[in-house]
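Raw contents of structure_19.tsv, TSV, C-alpha atoms:
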chain	number	residue	atom	x	y	z
C	11	LYS	CA	17.27	-45.06	29.82
C	12	GLN	CA	19.33	-41.92	29.30
C	13	ASP	CA	19.90	-42.83	25.65
C	14	LEU	CA	16.17	-43.34	25.21
C	15	GLN	CA	15.42	-39.95	26.75
C	16	GLN	CA	17.95	-38.31	24.42
C	17	LEU	CA	16.35	-40.07	21.46
C	18	MET	CA	12.92	-38.80	22.50
C	19	PHE	CA	14.27	-35.27	22.83
C	20	ASP	CA	15.93	-35.47	19.41
C	21	LEU	CA	12.60	-36.57	17.94
C	22	ARG	CA	10.85	-33.62	19.56
C	23	LEU	CA	13.48	-31.26	18.17
C	24	GLU	CA	13.09	-32.74	14.70
C	25	CYS	CA	9.32	-32.44	15.01
C	26	PHE	CA	9.76	-28.77	15.91
C	27	LYS	CA	11.93	-28.19	12.84
C	28	VAL	CA	9.43	-29.89	10.52
C	29	ILE	CA	6.50	-27.87	11.87
C	30	MET	CA	8.43	-24.61	11.56
C	31	ASP	CA	9.69	-25.44	8.06
C	32	HIS	CA	6.13	-26.09	6.97
C	33	ALA	CA	4.99	-22.86	8.63
C	34	CYS	CA	7.66	-20.87	6.78
C	35	LEU	CA	6.54	-22.40	3.49
C	36	GLU	CA	2.92	-21.48	4.17
C	37	VAL	CA	3.86	-17.94	5.19
C	38	SER	CA	5.95	-17.40	2.05
C	39	ARG	CA	2.85	-18.17	-0.05
C	40	LEU	CA	0.44	-15.89	1.80
C	41	ASN	CA	0.47	-13.35	-1.03
C	42	ALA	CA	-1.79	-15.78	-2.90
C	43	ASN	CA	-4.36	-15.35	-0.10
C	44	GLU	CA	-4.71	-11.60	-0.54
C	45	THR	CA	-8.37	-10.84	-1.29
C	46	TRP	CA	-8.14	-7.01	-1.12
C	47	GLU	CA	-11.22	-6.95	1.10
C	48	LEU	CA	-10.76	-4.07	3.50
C	49	GLU	CA	-11.32	-4.02	7.25
C	50	TYR	CA	-11.29	-0.80	9.24
C	51	ASP	CA	-9.07	-0.24	12.26
C	52	GLU	CA	-9.67	2.88	14.37
C	53	GLN	CA	-5.97	3.35	15.02
C	54	LEU	CA	-4.49	2.66	11.60
C	55	GLY	CA	-7.23	2.93	9.00
C	56	SER	CA	-8.12	0.25	6.46
C	57	HIS	CA	-6.20	-2.96	5.95
C	58	THR	CA	-6.95	-6.37	4.49
C	59	LYS	CA	-7.19	-9.68	6.31
C	60	LEU	CA	-3.63	-10.64	5.37
C	61	PRO	CA	-1.81	-9.44	8.54
C	62	ASN	CA	-4.32	-11.15	10.82
C	63	LEU	CA	-4.21	-14.25	8.64
C	64	PHE	CA	-0.47	-14.39	9.28
C	65	HIS	CA	-1.05	-13.86	12.99
C	66	ASP	CA	-3.65	-16.62	13.21
C	67	MET	CA	-1.44	-19.02	11.27
C	68	ILE	CA	1.46	-18.50	13.69
C	69	VAL	CA	-0.84	-18.86	16.70
C	70	SER	CA	-2.10	-22.16	15.29
C	71	LYS	CA	1.42	-23.46	14.68
C	72	ALA	CA	2.52	-22.35	18.16
C	73	SER	CA	-0.38	-24.27	19.67
C	74	ILE	CA	0.60	-27.42	17.75
C	75	ILE	CA	4.20	-27.02	18.89
C	76	TYR	CA	3.12	-26.60	22.49
C	77	GLU	CA	0.98	-29.74	22.43
C	78	ASN	CA	3.45	-31.96	20.57
C	79	VAL	CA	6.88	-30.58	21.45
C	80	LEU	CA	6.92	-28.31	24.48
C	81	SER	CA	4.61	-30.23	26.80
C	82	VAL	CA	6.68	-32.59	28.94
C	83	ASN	CA	6.27	-34.90	31.91
C	84	VAL	CA	9.13	-33.92	34.20
C	85	THR	CA	8.28	-36.70	36.66
C	86	LYS	CA	9.13	-39.23	33.96
C	87	GLY	CA	12.48	-37.61	33.32
C	88	GLU	CA	11.52	-35.74	30.15
C	89	ARG	CA	13.71	-32.74	29.52
C	90	LYS	CA	12.22	-29.28	29.04
C	91	PHE	CA	12.60	-28.26	25.43
C	92	PHE	CA	14.13	-24.85	26.05
C	93	ASP	CA	16.66	-26.18	28.54
C	94	ASP	CA	18.62	-27.30	25.49
C	95	LYS	CA	20.92	-24.80	23.75
C	96	GLU	CA	20.32	-26.29	20.30
C	97	ALA	CA	16.56	-26.05	20.80
C	98	ILE	CA	16.87	-22.38	21.78
C	99	LYS	CA	19.00	-21.73	18.70
C	100	GLN	CA	16.63	-23.53	16.33
C	101	ALA	CA	13.62	-21.72	17.78
C	102	ALA	CA	15.27	-18.32	17.29
C	103	ILE	CA	16.19	-19.21	13.70
C	104	ALA	CA	12.64	-20.39	13.01
C	105	VAL	CA	11.04	-17.20	14.35
C	106	TYR	CA	13.49	-15.12	12.34
C	107	ARG	CA	12.63	-17.03	9.16
C	108	LEU	CA	8.89	-16.70	9.75
C	109	LEU	CA	9.03	-12.93	10.15
C	110	VAL	CA	11.44	-12.41	7.25
C	111	ASP	CA	9.29	-14.59	4.99
C	112	PHE	CA	6.25	-12.48	5.78
C	113	ALA	CA	8.16	-9.29	4.97
C	114	SER	CA	8.97	-10.88	1.61
C	115	VAL	CA	5.24	-11.38	1.01
C	116	PHE	CA	4.78	-7.60	1.02
C	117	GLN	CA	7.67	-7.19	-1.39
C	118	ILE	CA	6.01	-9.67	-3.75
C	119	LEU	CA	2.65	-7.90	-3.50
C	120	ILE	CA	4.11	-4.44	-4.04
C	121	LYS	CA	6.04	-5.73	-7.06
C	122	ASP	CA	2.90	-7.30	-8.52
C	123	CYS	CA	0.97	-4.06	-8.00
C	124	SER	CA	3.67	-1.83	-9.44
C	125	SER	CA	4.03	-4.02	-12.54
C	126	ALA	CA	0.34	-3.61	-13.35
C	127	PRO	CA	-0.64	-1.24	-16.23
C	128	PRO	CA	0.28	2.43	-15.60
C	129	ASN	CA	-2.01	4.39	-13.31
C	130	SER	CA	-3.69	7.63	-14.30
C	131	ILE	CA	-4.61	10.20	-11.70
C	132	GLU	CA	-6.78	12.24	-14.03
C	133	PRO	CA	-9.19	11.20	-12.70
C	134	LEU	CA	-8.09	8.64	-10.12
C	135	SER	CA	-11.39	6.81	-10.26
C	136	SER	CA	-10.81	5.78	-13.88
C	137	SER	CA	-7.29	4.47	-13.35
C	138	ALA	CA	-6.07	0.97	-14.07
C	139	THR	CA	-7.69	-1.46	-11.69
C	140	MET	CA	-6.91	-4.63	-9.82
C	141	THR	CA	-9.92	-6.83	-9.31
C	142	ASN	CA	-11.09	-8.72	-6.26
C	143	SER	CA	-14.29	-10.51	-5.40
C	144	SER	CA	-16.14	-7.41	-4.28
C	145	GLU	CA	-14.74	-4.25	-5.83
C	146	HIS	CA	-12.28	-2.60	-8.19
C	147	LEU	CA	-9.29	-0.81	-6.76
C	148	SER	CA	-6.94	1.58	-8.51
C	149	LYS	CA	-3.32	0.57	-8.84
C	150	THR	CA	-2.18	3.28	-6.45
C	151	THR	CA	-4.87	2.31	-3.95
C	152	CYS	CA	-3.55	-1.25	-3.96
C	153	LEU	CA	-0.04	0.03	-3.35
C	154	VAL	CA	-1.23	2.12	-0.40
C	155	ILE	CA	-3.14	-0.86	0.99
C	156	VAL	CA	-0.03	-3.06	0.83
C	157	PHE	CA	2.00	-0.34	2.52
C	158	ASN	CA	-0.60	0.18	5.24
C	159	ASN	CA	-0.83	-3.59	5.81
C	160	PHE	CA	2.90	-3.58	6.40
C	161	VAL	CA	2.67	-0.65	8.82
C	162	TYR	CA	-0.16	-2.45	10.64
C	163	THR	CA	1.96	-5.60	10.85
C	164	ARG	CA	4.95	-3.77	12.32
C	165	ARG	CA	2.91	-1.86	14.84
C	166	PHE	CA	0.45	-4.50	16.03
C	167	ILE	CA	1.07	-8.02	14.72
C	168	LEU	CA	4.78	-8.34	15.51
C	169	PRO	CA	4.42	-7.28	19.19
C	170	ARG	CA	1.50	-9.70	19.64
C	171	LEU	CA	3.52	-12.57	18.20
C	172	LYS	CA	6.51	-11.73	20.37
C	173	LYS	CA	4.30	-11.94	23.44
C	174	ILE	CA	3.00	-15.33	22.29
C	175	PHE	CA	6.52	-16.67	21.70
C	176	LEU	CA	7.62	-15.50	25.14
C	177	ASN	CA	4.57	-17.06	26.78
C	178	TYR	CA	5.51	-20.39	25.22
C	179	GLY	CA	9.04	-20.10	26.60
C	180	PHE	CA	10.94	-19.05	23.47
C	181	ARG	CA	14.24	-17.40	24.37
C	182	GLY	CA	16.44	-14.86	22.63
C	183	MET	CA	13.46	-13.03	21.16
C	184	ASP	CA	14.87	-9.57	21.94
C	185	ARG	CA	17.88	-10.22	19.73
C	186	VAL	CA	15.73	-11.75	16.99
C	187	TYR	CA	13.37	-8.78	17.02
C	188	GLU	CA	16.25	-6.32	16.87
C	189	GLU	CA	17.42	-7.94	13.65
C	190	ILE	CA	13.86	-8.14	12.35
C	191	GLU	CA	13.31	-4.43	13.04
C	192	THR	CA	16.31	-3.59	10.87
C	193	ILE	CA	14.94	-5.70	8.03
C	194	TYR	CA	11.42	-4.33	8.37
C	195	LYS	CA	12.69	-0.74	8.35
C	196	ARG	CA	14.44	-1.45	5.06
C	197	VAL	CA	11.34	-3.05	3.55
C	198	ASP	CA	9.22	-0.16	4.85
C	199	GLU	CA	11.42	2.30	2.96
C	200	GLN	CA	11.22	0.17	-0.20
C	201	LEU	CA	7.43	0.08	-0.05
C	202	LEU	CA	7.18	3.83	0.58
C	203	GLU	CA	9.56	4.52	-2.29
C	204	THR	CA	7.42	2.43	-4.64
C	205	VAL	CA	4.22	4.20	-3.59
C	206	GLN	CA	5.89	7.59	-3.98
C	207	THR	CA	7.30	6.73	-7.41
C	208	GLU	CA	3.94	5.55	-8.73
C	209	TYR	CA	2.16	8.71	-7.59
C	210	LEU	CA	4.95	10.94	-8.91
C	211	ARG	CA	5.06	9.53	-12.43
C	212	PRO	CA	2.11	11.52	-13.89
C	213	PHE	CA	3.16	14.68	-12.03
C	214	LEU	CA	6.67	14.56	-13.46
C	215	HIS	CA	5.32	13.85	-16.92
C	216	ARG	CA	3.12	16.95	-16.70
C	217	LEU	CA	6.01	19.07	-15.46
C	218	GLU	CA	8.45	17.90	-18.09
C	219	ALA	CA	5.92	18.43	-20.86
C	220	ARG	CA	4.74	21.91	-19.90
C	221	MET	CA	6.97	23.65	-17.37
C	222	TYR	CA	9.43	25.02	-19.91
C	223	SER	CA	7.02	25.50	-22.81
C	224	GLY	CA	6.27	29.12	-21.80
C	225	ARG	CA	9.98	29.96	-21.40
C	226	PHE	CA	9.33	31.84	-18.17
C	227	ASP	CA	12.29	33.97	-17.08
C	228	TRP	CA	12.50	35.28	-13.52
C	229	ALA	CA	14.95	37.96	-14.70
C	230	THR	CA	12.27	39.66	-16.76
C	231	HIS	CA	9.21	38.74	-14.67
C	232	MET	CA	9.74	40.09	-11.18
C	233	ARG	CA	6.10	39.75	-10.23
C	234	VAL	CA	3.98	36.69	-10.94
C	235	THR	CA	0.34	37.55	-11.60
C	236	ALA	CA	-0.96	34.19	-12.88
C	237	VAL	CA	-0.04	30.54	-13.33
C	238	LYS	CA	-0.47	28.16	-16.21
C	239	ASP	CA	-3.30	25.64	-16.19
C	240	TYR	CA	-0.90	22.74	-15.61
C	241	VAL	CA	-0.04	24.19	-12.18
C	242	LYS	CA	-3.72	24.25	-11.27
C	243	HIS	CA	-4.07	20.68	-12.52
C	244	ILE	CA	-1.16	19.58	-10.34
C	245	ILE	CA	-2.80	21.14	-7.28
C	246	LEU	CA	-6.06	19.36	-8.08
C	247	ASP	CA	-4.21	16.09	-8.61
C	248	LEU	CA	-2.51	16.51	-5.24
C	249	ALA	CA	-5.95	16.89	-3.68
C	250	ARG	CA	-7.03	13.65	-5.37
C	251	VAL	CA	-3.93	11.86	-4.09
C	252	HIS	CA	-4.65	13.19	-0.60
C	253	ALA	CA	-8.22	11.87	-0.79
C	254	GLU	CA	-7.14	8.44	-2.04
C	255	ILE	CA	-4.50	7.95	0.66
C	256	TYR	CA	-6.81	9.33	3.36
C	257	SER	CA	-9.48	6.81	2.35
C	258	ILE	CA	-7.06	4.05	3.40
C	259	SER	CA	-5.17	5.65	6.29
C	260	SER	CA	-5.03	9.24	7.50
C	261	GLN	CA	-1.67	8.51	9.13
C	262	LEU	CA	-0.04	7.88	5.76
C	263	VAL	CA	-1.14	11.17	4.21
C	264	PHE	CA	1.69	13.35	5.49
C	265	LEU	CA	4.28	10.61	5.05
C	266	VAL	CA	3.51	10.10	1.36
C	267	LEU	CA	2.47	13.62	0.33
C	268	SER	CA	5.50	15.25	1.94
C	269	ARG	CA	7.77	13.02	-0.16
C	270	ILE	CA	5.81	13.83	-3.32
C	271	LEU	CA	5.84	17.58	-2.65
C	272	SER	CA	9.54	17.56	-1.83
C	273	THR	CA	10.32	15.94	-5.17
C	274	LEU	CA	8.01	18.29	-7.08
C	275	VAL	CA	9.59	21.35	-5.47
C	276	ASN	CA	13.06	20.09	-6.35
C	277	GLU	CA	11.96	19.54	-9.93
Please re-express this file's structure in C-alpha coordinates.
Amino acid sequence: KQDLQQLMFDLRLECFKVIMDHACLEVSRLNANETWELEYDEQLGSHTKLPNLFHDMIVSKASIIYENVLSVNVTKGERKFFDDKEAIKQAAIAVYRLLVDFASVFQILIKDCSSAPPNSIEPLSSSATMTNSSEHLSKTTCLVIVFNNFVYTRRFILPRLKKIFLNYGFRGMDRVYEEIETIYKRVDEQLLETVQTEYLRPFLHRLEARMYSGRFDWATHMRVTAVKDYVKHIILDLARVHAEIYSISSQLVFLVLSRILSTLVNE
(Lines of atoms letter the chains of each structure in order from A and count residues from 1; the text may use other names and numbers.)
(Lines give C-alpha, C1' and ligand atoms only; values in the text may rest on other atoms or scores of the structure.)
Protein backbone atom coordinates (compact mmCIF):
# COMPACT_ATOMS: atom_id res chain seq x y z
CA LYS A 1 0.00 0.00 0.00
CA GLN A 2 2.82 2.39 0.85
CA ASP A 3 4.48 1.71 -2.51
CA LEU A 4 1.20 2.44 -4.26
CA GLN A 5 0.80 5.72 -2.39
CA GLN A 6 4.35 6.71 -3.36
CA LEU A 7 3.60 5.84 -6.97
CA MET A 8 0.48 8.00 -6.89
CA PHE A 9 2.45 10.89 -5.40
CA ASP A 10 5.16 10.53 -8.05
CA LEU A 11 2.48 10.67 -10.73
CA ARG A 12 1.05 13.84 -9.21
CA LEU A 13 4.52 15.39 -9.13
CA GLU A 14 5.11 14.46 -12.75
CA CYS A 15 1.71 15.89 -13.66
CA PHE A 16 2.69 19.13 -11.93
CA LYS A 17 5.93 19.32 -13.92
CA VAL A 18 4.15 18.71 -17.23
CA ILE A 19 1.54 21.40 -16.54
CA MET A 20 4.20 23.91 -15.51
CA ASP A 21 6.44 23.09 -18.48
CA HIS A 22 3.51 23.69 -20.81
CA ALA A 23 2.69 26.93 -18.98
CA CYS A 24 6.27 28.17 -19.39
CA LEU A 25 6.13 27.40 -23.11
CA GLU A 26 2.88 29.33 -23.49
CA VAL A 27 4.22 32.28 -21.51
CA SER A 28 7.41 32.45 -23.59
CA ARG A 29 5.25 32.90 -26.71
CA LEU A 30 2.98 35.62 -25.34
CA ASN A 31 4.72 38.29 -27.40
CA ALA A 32 2.79 36.89 -30.38
CA ASN A 33 -0.44 37.81 -28.57
CA GLU A 34 0.36 41.52 -28.31
CA THR A 35 -2.42 43.45 -30.06
CA TRP A 36 -1.30 46.98 -29.03
CA GLU A 37 -4.87 47.77 -28.00
CA LEU A 38 -4.65 50.11 -25.03
CA GLU A 39 -6.55 49.95 -21.76
CA TYR A 40 -6.45 52.79 -19.25
CA ASP A 41 -5.48 52.32 -15.62
CA GLU A 42 -6.01 55.25 -13.23
CA GLN A 43 -2.84 54.47 -11.31
CA LEU A 44 -0.41 53.70 -14.11
CA GLY A 45 -1.80 55.07 -17.36
CA SER A 46 -2.31 53.07 -20.55
CA HIS A 47 -1.23 49.49 -21.04
CA THR A 48 -2.21 46.65 -23.34
CA LYS A 49 -3.94 43.41 -22.43
CA LEU A 50 -0.67 41.49 -22.31
CA PRO A 51 0.07 41.74 -18.54
CA ASN A 52 -3.46 40.68 -17.63
CA LEU A 53 -3.33 37.93 -20.24
CA PHE A 54 -0.28 36.57 -18.45
CA HIS A 55 -2.06 36.88 -15.11
CA ASP A 56 -5.16 35.06 -16.34
CA MET A 57 -3.06 32.30 -17.89
CA ILE A 58 -1.27 31.64 -14.60
CA VAL A 59 -4.54 31.71 -12.66
CA SER A 60 -5.97 29.13 -15.06
CA LYS A 61 -2.93 26.86 -14.72
CA ALA A 62 -2.98 27.23 -10.93
CA SER A 63 -6.62 26.16 -10.90
CA ILE A 64 -5.82 23.08 -12.98
CA ILE A 65 -2.94 22.22 -10.66
CA TYR A 66 -5.16 22.59 -7.62
CA GLU A 67 -7.83 20.30 -9.03
CA ASN A 68 -5.50 17.62 -10.38
CA VAL A 69 -2.42 17.76 -8.15
CA LEU A 70 -2.96 19.59 -4.88
CA SER A 71 -6.38 18.26 -3.91
CA VAL A 72 -5.94 15.17 -1.74
CA ASN A 73 -8.01 12.82 0.38
CA VAL A 74 -6.08 12.63 3.64
CA THR A 75 -8.46 10.02 5.05
CA LYS A 76 -7.33 7.63 2.32
CA GLY A 77 -3.70 8.19 3.17
CA GLU A 78 -2.89 10.56 0.32
CA ARG A 79 0.07 12.79 1.09
CA LYS A 80 -0.21 16.57 0.87
CA PHE A 81 1.76 17.77 -2.12
CA PHE A 82 3.75 20.46 -0.33
CA ASP A 83 4.73 18.16 2.53
CA ASP A 84 7.33 16.80 0.13
CA LYS A 85 10.68 18.63 -0.19
CA GLU A 86 11.07 17.74 -3.87
CA ALA A 87 7.59 19.09 -4.61
CA ILE A 88 8.42 22.37 -2.84
CA LYS A 89 11.65 22.63 -4.84
CA GLN A 90 9.98 21.90 -8.18
CA ALA A 91 7.21 24.41 -7.47
CA ALA A 92 9.73 27.15 -6.67
CA ILE A 93 11.68 26.38 -9.85
CA ALA A 94 8.48 26.44 -11.91
CA VAL A 95 7.35 29.82 -10.55
CA TYR A 96 10.82 31.23 -11.15
CA ARG A 97 10.77 30.01 -14.76
CA LEU A 98 7.30 31.43 -15.39
CA LEU A 99 8.23 34.90 -14.20
CA VAL A 100 11.60 34.93 -15.96
CA ASP A 101 9.99 33.77 -19.20
CA PHE A 102 7.52 36.64 -19.04
CA ALA A 103 10.33 39.13 -18.50
CA SER A 104 11.92 37.71 -21.66
CA VAL A 105 8.70 38.46 -23.54
CA PHE A 106 9.24 42.18 -22.90
CA GLN A 107 12.83 41.91 -24.09
CA ILE A 108 11.62 40.32 -27.32
CA LEU A 109 8.97 43.01 -27.83
CA ILE A 110 11.36 45.88 -27.14
CA LYS A 111 13.88 44.36 -29.54
CA ASP A 112 11.24 44.00 -32.25
CA CYS A 113 10.15 47.61 -31.74
CA SER A 114 13.67 49.03 -31.71
CA SER A 115 14.59 47.15 -34.90
CA ALA A 116 11.72 48.78 -36.78
CA PRO A 117 12.54 51.61 -39.26
CA PRO A 118 14.04 54.73 -37.62
CA ASN A 119 11.64 57.06 -35.87
CA SER A 120 11.34 60.74 -36.66
CA ILE A 121 10.19 63.20 -34.04
CA GLU A 122 9.65 66.04 -36.49
CA PRO A 123 6.75 65.67 -36.28
CA LEU A 124 6.10 62.65 -34.07
CA SER A 125 2.75 61.97 -35.67
CA SER A 126 4.37 61.18 -39.02
CA SER A 127 6.97 58.78 -37.64
CA ALA A 128 7.44 55.17 -38.62
CA THR A 129 4.48 53.14 -37.47
CA MET A 130 3.68 49.71 -36.14
CA THR A 131 0.24 48.52 -37.12
CA ASN A 132 -2.43 46.79 -35.10
CA SER A 133 -6.06 46.01 -35.73
CA SER A 134 -7.35 49.41 -34.67
CA GLU A 135 -4.71 52.11 -34.99
CA HIS A 136 -1.21 53.14 -36.01
CA LEU A 137 1.37 53.76 -33.32
CA SER A 138 4.73 55.46 -33.66
CA LYS A 139 7.82 53.41 -32.98
CA THR A 140 8.62 55.37 -29.84
CA THR A 141 5.03 55.05 -28.63
CA CYS A 142 5.31 51.27 -28.93
CA LEU A 143 8.53 51.33 -26.94
CA VAL A 144 6.89 53.38 -24.19
CA ILE A 145 3.90 51.01 -24.16
CA VAL A 146 6.18 47.99 -23.73
CA PHE A 147 8.04 49.76 -20.94
CA ASN A 148 4.82 50.78 -19.19
CA ASN A 149 3.45 47.24 -19.53
CA PHE A 150 6.56 46.02 -17.74
CA VAL A 151 6.18 48.62 -14.99
CA TYR A 152 2.52 47.62 -14.62
CA THR A 153 3.52 43.96 -14.37
CA ARG A 154 6.10 44.61 -11.65
CA ARG A 155 3.81 46.80 -9.62
CA PHE A 156 0.50 44.96 -9.88
CA ILE A 157 0.66 41.57 -11.61
CA LEU A 158 3.59 40.02 -9.72
CA PRO A 159 2.14 40.77 -6.23
CA ARG A 160 -1.24 39.34 -7.28
CA LEU A 161 0.37 36.15 -8.53
CA LYS A 162 2.44 35.80 -5.37
CA LYS A 163 -0.75 35.98 -3.32
CA ILE A 164 -2.33 33.29 -5.51
CA PHE A 165 0.69 30.99 -5.17
CA LEU A 166 0.67 31.41 -1.39
CA ASN A 167 -3.07 30.73 -1.22
CA TYR A 168 -2.48 27.44 -3.03
CA GLY A 169 0.21 26.48 -0.53
CA PHE A 170 3.35 27.19 -2.56
CA ARG A 171 6.37 27.63 -0.30
CA GLY A 172 9.63 29.52 -0.65
CA MET A 173 8.00 32.33 -2.61
CA ASP A 174 9.83 35.08 -0.72
CA ARG A 175 13.19 33.75 -1.88
CA VAL A 176 11.92 33.25 -5.43
CA TYR A 177 10.55 36.78 -5.57
CA GLU A 178 13.80 38.23 -4.25
CA GLU A 179 15.64 36.66 -7.16
CA ILE A 180 12.92 37.71 -9.58
CA GLU A 181 13.10 41.31 -8.36
CA THR A 182 16.81 41.39 -9.19
CA ILE A 183 16.13 40.11 -12.69
CA TYR A 184 13.21 42.47 -13.26
CA LYS A 185 15.26 45.46 -12.12
CA ARG A 186 17.88 44.58 -14.72
CA VAL A 187 15.28 44.19 -17.46
CA ASP A 188 13.64 47.45 -16.36
CA GLU A 189 16.93 49.27 -16.88
CA GLN A 190 17.40 47.64 -20.29
CA LEU A 191 13.95 48.72 -21.42
CA LEU A 192 14.44 52.27 -20.15
CA GLU A 193 17.82 52.47 -21.87
CA THR A 194 16.27 51.40 -25.17
CA VAL A 195 13.47 53.97 -24.89
CA GLN A 196 15.97 56.69 -24.00
CA THR A 197 18.30 55.78 -26.86
CA GLU A 198 15.51 55.85 -29.43
CA TYR A 199 14.29 59.26 -28.32
CA LEU A 200 17.84 60.64 -28.15
CA ARG A 201 18.91 59.63 -31.65
CA PRO A 202 17.34 62.57 -33.56
CA PHE A 203 18.37 65.04 -30.85
CA LEU A 204 22.01 63.98 -31.02
CA HIS A 205 21.93 64.08 -34.81
CA ARG A 206 20.67 67.67 -34.69
CA LEU A 207 23.31 68.65 -32.15
CA GLU A 208 26.19 67.05 -34.01
CA ALA A 209 25.12 68.61 -37.29
CA ARG A 210 24.58 72.18 -36.07
CA MET A 211 26.05 72.87 -32.65
CA TYR A 212 29.55 73.65 -33.88
CA SER A 213 28.62 75.15 -37.25
CA GLY A 214 28.49 78.70 -35.83
CA ARG A 215 31.86 78.30 -34.05
CA PHE A 216 30.53 79.96 -30.91
CA ASP A 217 33.29 80.93 -28.48
CA TRP A 218 32.47 81.76 -24.86
CA ALA A 219 35.78 83.64 -24.58
CA THR A 220 34.60 86.29 -27.02
CA HIS A 221 30.86 86.16 -26.29
CA MET A 222 30.35 86.92 -22.63
CA ARG A 223 26.67 87.64 -23.03
CA VAL A 224 24.26 85.48 -25.02
CA THR A 225 21.50 87.49 -26.66
CA ALA A 226 19.97 84.85 -28.96
CA VAL A 227 20.03 81.16 -29.83
CA LYS A 228 20.13 79.33 -33.11
CA ASP A 229 16.97 77.83 -34.55
CA TYR A 230 18.15 74.29 -33.83
CA VAL A 231 17.99 75.05 -30.08
CA LYS A 232 14.38 76.15 -30.45
CA HIS A 233 13.64 73.01 -32.46
CA ILE A 234 15.13 70.86 -29.71
CA ILE A 235 12.91 72.53 -27.12
CA LEU A 236 9.85 71.94 -29.30
CA ASP A 237 10.87 68.33 -29.85
CA LEU A 238 11.22 67.86 -26.09
CA ALA A 239 7.67 69.13 -25.72
CA ARG A 240 6.52 66.58 -28.31
CA VAL A 241 8.34 63.80 -26.47
CA HIS A 242 6.72 64.92 -23.23
CA ALA A 243 3.28 64.81 -24.85
CA GLU A 244 3.84 61.36 -26.35
CA ILE A 245 5.05 59.80 -23.10
CA TYR A 246 2.33 61.55 -21.09
CA SER A 247 -0.31 60.10 -23.42
CA ILE A 248 0.75 56.64 -22.22
CA SER A 249 1.74 57.27 -18.61
CA SER A 250 2.33 60.49 -16.71
CA GLN A 251 4.52 58.60 -14.25
CA LEU A 252 7.09 57.83 -16.94
CA VAL A 253 7.52 61.44 -18.05
CA PHE A 254 10.11 62.49 -15.48
CA LEU A 255 11.89 59.14 -15.60
CA VAL A 256 12.47 59.26 -19.35
CA LEU A 257 12.82 63.02 -19.92
CA SER A 258 15.33 63.45 -17.09
CA ARG A 259 17.57 60.85 -18.73
CA ILE A 260 17.23 62.54 -22.12
CA LEU A 261 17.95 66.01 -20.73
CA SER A 262 20.93 64.76 -18.75
CA THR A 263 22.48 63.32 -21.90
CA LEU A 264 21.74 66.45 -23.94
CA VAL A 265 23.32 68.68 -21.30
CA ASN A 266 26.42 66.51 -21.22
CA GLU A 267 26.65 66.69 -25.00
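Going from atom CA of Phe180 of chain C to atom CA of Val197 of chain C covers 25.6 Å.
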Among the residues C:Val161, C:Val28, C:Cys123, C:Ala72, the one that comes closest to Gly179 of chain C [using all atoms listed in the file]:
C:Ala72
Where is the centre and how long are the edges: axis-aligned box on segment 175-179 of chain C, 8 Å on each side, Å to one decimal, as AutoDock Vina command-line options:
--center_x 6.8 --center_y -17.9 --center_z 24.2 --size_x 20.5 --size_y 20.9 --size_z 21.1
Between C:Arg181, C:Lys27, C:Arg165, C:Lys149, single out the one closest to Ala104 of chain C, counting all atoms listed in the file.
C:Lys27
Kindly indicate which residue among C:Val79, C:Ala33, C:Leu48, C:Leu246 lies nearest to Leu60 of chain C, using all atoms listed in the file for the distances.
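Of C:Val79, C:Ala33, C:Leu48, C:Leu246, the one nearest Leu60 of chain C, counting all atoms listed in the file, is C:Leu48.
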When you draw a straight line from atom CA of Lys99 of chain C to atom CA of Ile118 of chain C, how long is it in Å?
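Value for the atom CA of Lys99 of chain C-atom CA of Ile118 of chain C distance: 28.6 Å.
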